[in-house]
file final-v8.cif (mmCIF, C-alpha atoms)
data_data
#
loop_
_atom_site.label_atom_id
_atom_site.label_comp_id
_atom_site.auth_asym_id
_atom_site.auth_seq_id
_atom_site.Cartn_x
_atom_site.Cartn_y
_atom_site.Cartn_z
CA MET A 1 40.93 27.21 58.70
CA THR A 2 37.41 25.76 58.42
CA PRO A 3 35.24 27.50 55.82
CA TYR A 4 32.26 29.43 57.17
CA PHE A 5 29.86 27.40 54.98
CA GLN A 6 29.97 23.61 55.13
CA LEU A 7 27.73 20.97 53.60
CA GLY A 8 26.25 18.68 56.22
CA ALA A 9 23.99 16.10 54.60
CA ALA A 10 22.33 15.49 51.25
CA ARG A 11 18.88 13.90 51.09
CA LEU A 12 17.49 12.13 48.08
CA TYR A 13 13.72 11.94 48.15
CA GLN A 14 13.21 9.19 45.57
CA PRO A 15 14.19 5.55 46.06
CA ASP A 16 17.27 4.22 44.25
CA ALA A 17 15.17 2.38 41.64
CA VAL A 18 13.37 5.60 40.68
CA LEU A 19 16.62 7.57 40.58
CA LYS A 20 18.17 4.92 38.36
CA ASP A 21 15.36 5.44 35.84
CA ARG A 22 15.36 9.24 36.10
CA LEU A 23 19.16 9.68 36.05
CA PRO A 24 20.28 7.43 33.21
CA ALA A 25 23.92 8.55 33.49
CA GLY A 26 23.94 7.56 37.16
CA THR A 27 24.35 9.57 40.32
CA GLY A 28 27.85 10.77 39.44
CA GLU A 29 26.36 13.75 37.62
CA LEU A 30 24.19 14.46 40.64
CA ALA A 31 27.28 14.44 42.87
CA ALA A 32 28.99 16.95 40.57
CA TYR A 33 25.96 19.23 40.73
CA ILE A 34 25.86 19.00 44.53
CA LYS A 35 29.56 19.89 44.64
CA THR A 36 28.87 22.91 42.42
CA LEU A 37 26.07 24.14 44.70
CA THR A 38 28.32 23.61 47.73
CA TRP A 39 31.17 25.49 46.04
CA THR A 40 28.79 28.34 45.18
CA CYS A 41 27.74 28.70 48.83
CA THR A 42 31.33 28.41 50.08
CA GLU A 43 32.59 31.06 47.68
CA TYR A 44 29.62 33.35 48.25
CA PHE A 45 30.01 33.43 52.01
CA SER A 46 33.81 33.68 51.85
CA TYR A 47 33.26 36.90 49.86
CA TYR A 48 31.80 38.62 52.91
CA SER A 49 34.12 39.87 55.61
CA GLN A 50 31.38 39.36 58.17
CA ALA A 51 29.81 36.23 59.55
CA PHE A 52 26.05 35.95 59.86
CA GLY A 53 26.09 33.81 62.97
CA ASP A 54 25.50 30.12 63.46
CA LEU A 55 22.59 28.99 61.33
CA GLY A 56 21.53 26.48 58.75
CA LEU A 57 20.77 26.72 55.05
CA PHE A 58 18.33 24.10 53.84
CA LEU A 59 18.44 23.93 50.06
CA GLY A 60 15.60 22.17 48.32
CA VAL A 61 16.64 21.26 44.80
CA GLY A 62 14.35 20.23 41.96
CA LEU A 63 15.56 18.85 38.66
CA LYS A 64 13.39 18.35 35.59
CA PRO A 65 14.06 17.13 32.06
CA GLY A 66 15.70 19.59 29.72
CA GLY A 67 18.37 20.62 32.24
CA ARG A 68 15.92 22.69 34.25
CA ALA A 69 16.60 23.17 37.94
CA LYS A 70 15.21 25.24 40.77
CA VAL A 71 16.65 25.82 44.23
CA TRP A 72 14.61 26.86 47.25
CA CYS A 73 16.51 28.10 50.30
CA ASP A 74 15.30 28.11 53.89
CA VAL A 75 17.35 29.79 56.60
CA ILE A 76 17.19 27.67 59.75
CA ASP A 77 17.59 29.13 63.26
CA GLY A 78 18.68 32.58 62.20
CA ALA A 79 18.35 35.16 59.46
CA LEU A 80 20.28 36.64 56.58
CA PRO A 81 19.89 40.21 55.35
CA ALA A 82 17.36 40.32 52.51
CA ASP A 83 19.92 41.40 49.90
CA VAL A 84 22.37 38.66 50.92
CA TYR A 85 19.60 36.05 50.79
CA ALA A 86 18.23 37.19 47.41
CA ALA A 87 21.67 37.23 45.79
CA LEU A 88 22.44 33.75 47.14
CA VAL A 89 19.21 32.29 45.77
CA ASP A 90 19.88 33.88 42.36
CA LEU A 91 23.39 32.46 42.30
CA LEU A 92 22.21 28.99 43.27
CA ASN A 93 19.49 28.96 40.62
CA GLY A 94 22.07 29.85 37.96
CA ALA A 95 24.85 27.59 39.22
CA GLY A 96 25.93 24.39 37.59
CA ALA A 97 24.13 24.61 34.27
CA LYS A 98 26.93 22.62 32.62
CA VAL A 99 26.96 19.88 35.26
CA ARG A 100 23.25 19.46 35.97
CA PRO A 101 22.22 15.83 35.61
CA ALA A 102 20.25 14.90 32.53
CA ALA A 103 17.03 13.86 34.27
CA THR A 104 14.25 12.02 32.44
CA GLY A 105 11.74 12.82 35.20
CA PRO A 106 11.54 14.98 38.32
CA VAL A 107 14.27 14.52 40.90
CA ALA A 108 14.00 16.09 44.34
CA LEU A 109 16.80 16.46 46.85
CA ALA A 110 17.78 18.66 49.75
CA LEU A 111 21.12 19.85 51.08
CA GLU A 112 21.75 20.72 54.70
CA GLY A 113 24.37 23.43 54.97
CA ARG A 114 25.85 25.03 58.05
CA LEU A 115 27.09 28.57 58.53
CA GLY A 116 29.45 28.68 61.46
CA ALA A 117 28.48 25.98 63.96
CA GLY A 118 25.11 25.48 62.27
CA PRO A 119 21.61 25.68 63.69
CA ARG A 120 20.66 24.61 67.20
CA VAL A 121 17.46 23.05 65.89
CA PRO A 122 17.04 20.13 63.47
CA PHE A 123 16.54 20.63 59.77
CA PRO A 124 12.96 20.08 58.54
CA GLU A 125 11.92 17.12 56.40
CA LEU A 126 10.98 19.26 53.38
CA PRO A 127 11.66 22.83 52.26
CA THR A 128 9.02 25.29 53.45
CA ALA A 129 7.79 26.09 49.91
CA TRP A 130 7.09 22.42 49.29
CA GLN A 131 5.17 22.06 52.56
CA LEU A 132 3.05 25.17 52.05
CA ASP A 133 2.10 24.45 48.47
CA CYS A 134 1.45 20.72 48.63
CA PRO A 135 1.63 19.33 52.16
CA VAL A 136 0.36 15.85 51.27
CA LEU A 137 2.37 15.11 48.14
CA ILE A 138 5.77 13.48 47.93
CA PRO A 139 8.48 15.65 46.34
CA GLY A 140 8.55 14.20 42.81
CA ASP A 141 4.78 14.53 42.53
CA LEU A 142 4.58 18.10 43.83
CA PHE A 143 6.79 19.66 41.17
CA PRO A 144 3.89 20.56 38.88
CA GLU A 145 2.65 22.73 41.77
CA VAL A 146 5.86 24.38 42.98
CA PHE A 147 8.00 24.11 39.84
CA PRO A 148 5.62 24.73 36.90
CA GLU A 149 6.51 24.29 33.25
#
call {"tool": "encode", "arguments": {"input": "final-v8.cif", "output": "structure tokens"}}
result
Amino acid sequence: MTPYFQLGAARLYQPDAVLKDRLPAGTGELAAYIKTLTWTCTEYFSYYSQAFGDLGLFLGVGLKPGGRAKVWCDVIDGALPADVYAALVDLLNGAGAKVRPAATGPVALALEGRLGAGPRVPFPELPTAWQLDCPVLIPGDLFPEVFPE
């Protein structure tokens, strides 16, 4: 049986050369963190006996030095009940503390997840919070605005 939540694509917003400098242990740690976030979503939605329809979850992920991380979640082409959404965001922000990459500078990525068949519309380029706060900055440079110290 196919799980209700599935990871579609992962986007890295910095070029490989920048990621190599900011992730000294390589992208293997990043892959482990992505797997942890995916597992968290899969387990969370398997907990519910109901489906929430076919929609997308667009997770914007920011990593900063010191093991700090923040996850923003946009629901694409549908809606989740407020309590379900809030609990999911809390879980994602606490997930993976032991496997977060040791970043030496800001790292921005996004995960495209599908509930059911997924959204009927395309995923956006950036999470909504990033667009609203700093529409002209690239992700690594906008973190001081949307992910303060």
call {"tool": "residues_around", "arguments": {"input": "final-v8.cif", "residues": "A:Phe45", "least_positions_apart": "4", "cutoff": "7 Å", "atoms": "only C-alpha atoms", "output": "list of chain:residue names"}}
result
A:Tyr4, A:Phe5, A:Cys41
call {"tool": "resolve_selection", "arguments": {"input": "final-v8.cif", "expression": "the PyMOL selection byres ((chain A and resi 100) around 12)", "output": "mmCIF file with C-alpha atoms, in the frame of the given file"}}
result
data_model
loop_
_atom_site.group_PDB
_atom_site.id
_atom_site.type_symbol
_atom_site.label_atom_id
_atom_site.label_comp_id
_atom_site.auth_asym_id
_atom_site.auth_seq_id
_atom_site.Cartn_x
_atom_site.Cartn_y
_atom_site.Cartn_z
ATOM 1 C CA LEU A 23 19.160 9.680 36.050
ATOM 2 C CA ALA A 25 23.920 8.550 33.490
ATOM 3 C CA GLY A 26 23.940 7.560 37.160
ATOM 4 C CA THR A 27 24.350 9.570 40.320
ATOM 5 C CA GLY A 28 27.850 10.770 39.440
ATOM 6 C CA GLU A 29 26.360 13.750 37.620
ATOM 7 C CA LEU A 30 24.190 14.460 40.640
ATOM 8 C CA ALA A 31 27.280 14.440 42.870
ATOM 9 C CA ALA A 32 28.990 16.950 40.570
ATOM 10 C CA TYR A 33 25.960 19.230 40.730
ATOM 11 C CA ILE A 34 25.860 19.000 44.530
ATOM 12 C CA LYS A 35 29.560 19.890 44.640
ATOM 13 C CA THR A 36 28.870 22.910 42.420
ATOM 14 C CA LEU A 37 26.070 24.140 44.700
ATOM 15 C CA VAL A 61 16.640 21.260 44.800
ATOM 16 C CA GLY A 62 14.350 20.230 41.960
ATOM 17 C CA LEU A 63 15.560 18.850 38.660
ATOM 18 C CA LYS A 64 13.390 18.350 35.590
ATOM 19 C CA PRO A 65 14.060 17.130 32.060
ATOM 20 C CA GLY A 66 15.700 19.590 29.720
ATOM 21 C CA GLY A 67 18.370 20.620 32.240
ATOM 22 C CA ARG A 68 15.920 22.690 34.250
ATOM 23 C CA ALA A 69 16.600 23.170 37.940
ATOM 24 C CA LYS A 70 15.210 25.240 40.770
ATOM 25 C CA ASN A 93 19.490 28.960 40.620
ATOM 26 C CA GLY A 94 22.070 29.850 37.960
ATOM 27 C CA ALA A 95 24.850 27.590 39.220
ATOM 28 C CA GLY A 96 25.930 24.390 37.590
ATOM 29 C CA ALA A 97 24.130 24.610 34.270
ATOM 30 C CA LYS A 98 26.930 22.620 32.620
ATOM 31 C CA VAL A 99 26.960 19.880 35.260
ATOM 32 C CA PRO A 101 22.220 15.830 35.610
ATOM 33 C CA ALA A 102 20.250 14.900 32.530
ATOM 34 C CA ALA A 103 17.030 13.860 34.270
ATOM 35 C CA VAL A 107 14.270 14.520 40.900
#
call {"tool": "atom_distance", "arguments": {"input": "final-v8.cif", "atom1": "atom CA of A:Trp39", "atom2": "atom CA of A:Gln6"}}
result
9.4 Å
call {"tool": "resolve_selection", "arguments": {"input": "final-v8.cif", "expression": "the PyMOL selection byres ((chain A and resi 85-89) around 10)", "output": "list in words"}}
result
Thr40, Cys41, Tyr44, Phe45, Leu59, Lys70, Val71, Trp72, Cys73, Asp74, Val75, Ala79, Leu80, Pro81, Ala82, Asp83, Val84, Asp90, Leu91, Leu92, Asn93, Gly94 and Ala95 of chain A
call {"tool": "closest_residue", "arguments": {"input": "final-v8.cif", "among": "A:Phe58, A:Phe123, A:Trp130, A:Tyr13", "to": "A:Leu111", "atoms": "all atoms listed in the file"}}
result
A:Phe58
call {"tool": "axis_aligned_box", "arguments": {"input": "final-v8.cif", "around": "stretch 53-72 of chain A", "padding_each_side": "5 Å", "output": "lines of an AutoDock Vina configuration file"}}
result
center_x = 19.7
center_y = 25.5
center_z = 46.6
size_x = 22.7
size_y = 26.7
size_z = 43.7
call {"tool": "closest_residue", "arguments": {"input": "final-v8.cif", "among": "A:Gly113, A:Pro124, A:Leu12, A:Ala129", "to": "A:Asp54", "atoms": "all atoms listed in the file"}}
result
A:Gly113
call {"tool": "residues_around", "arguments": {"input": "final-v8.cif", "residues": "A:Thr2", "least_positions_apart": "5", "cutoff": "12 Å", "atoms": "only C-alpha atoms", "output": "PyMOL selection string"}}
result
chain A and resi 7+42+46+114-117
call {"tool": "closest_residue", "arguments": {"input": "final-v8.cif", "among": "A:Leu19, A:Pro127, A:Gly60, A:Gly8", "to": "A:Leu109", "atoms": "all atoms listed in the file"}}
result
A:Gly60
call {"tool": "atom_distance", "arguments": {"input": "final-v8.cif", "atom1": "atom CA of A:Gly105", "atom2": "atom CA of A:Gly56"}}
result
28.9 Å
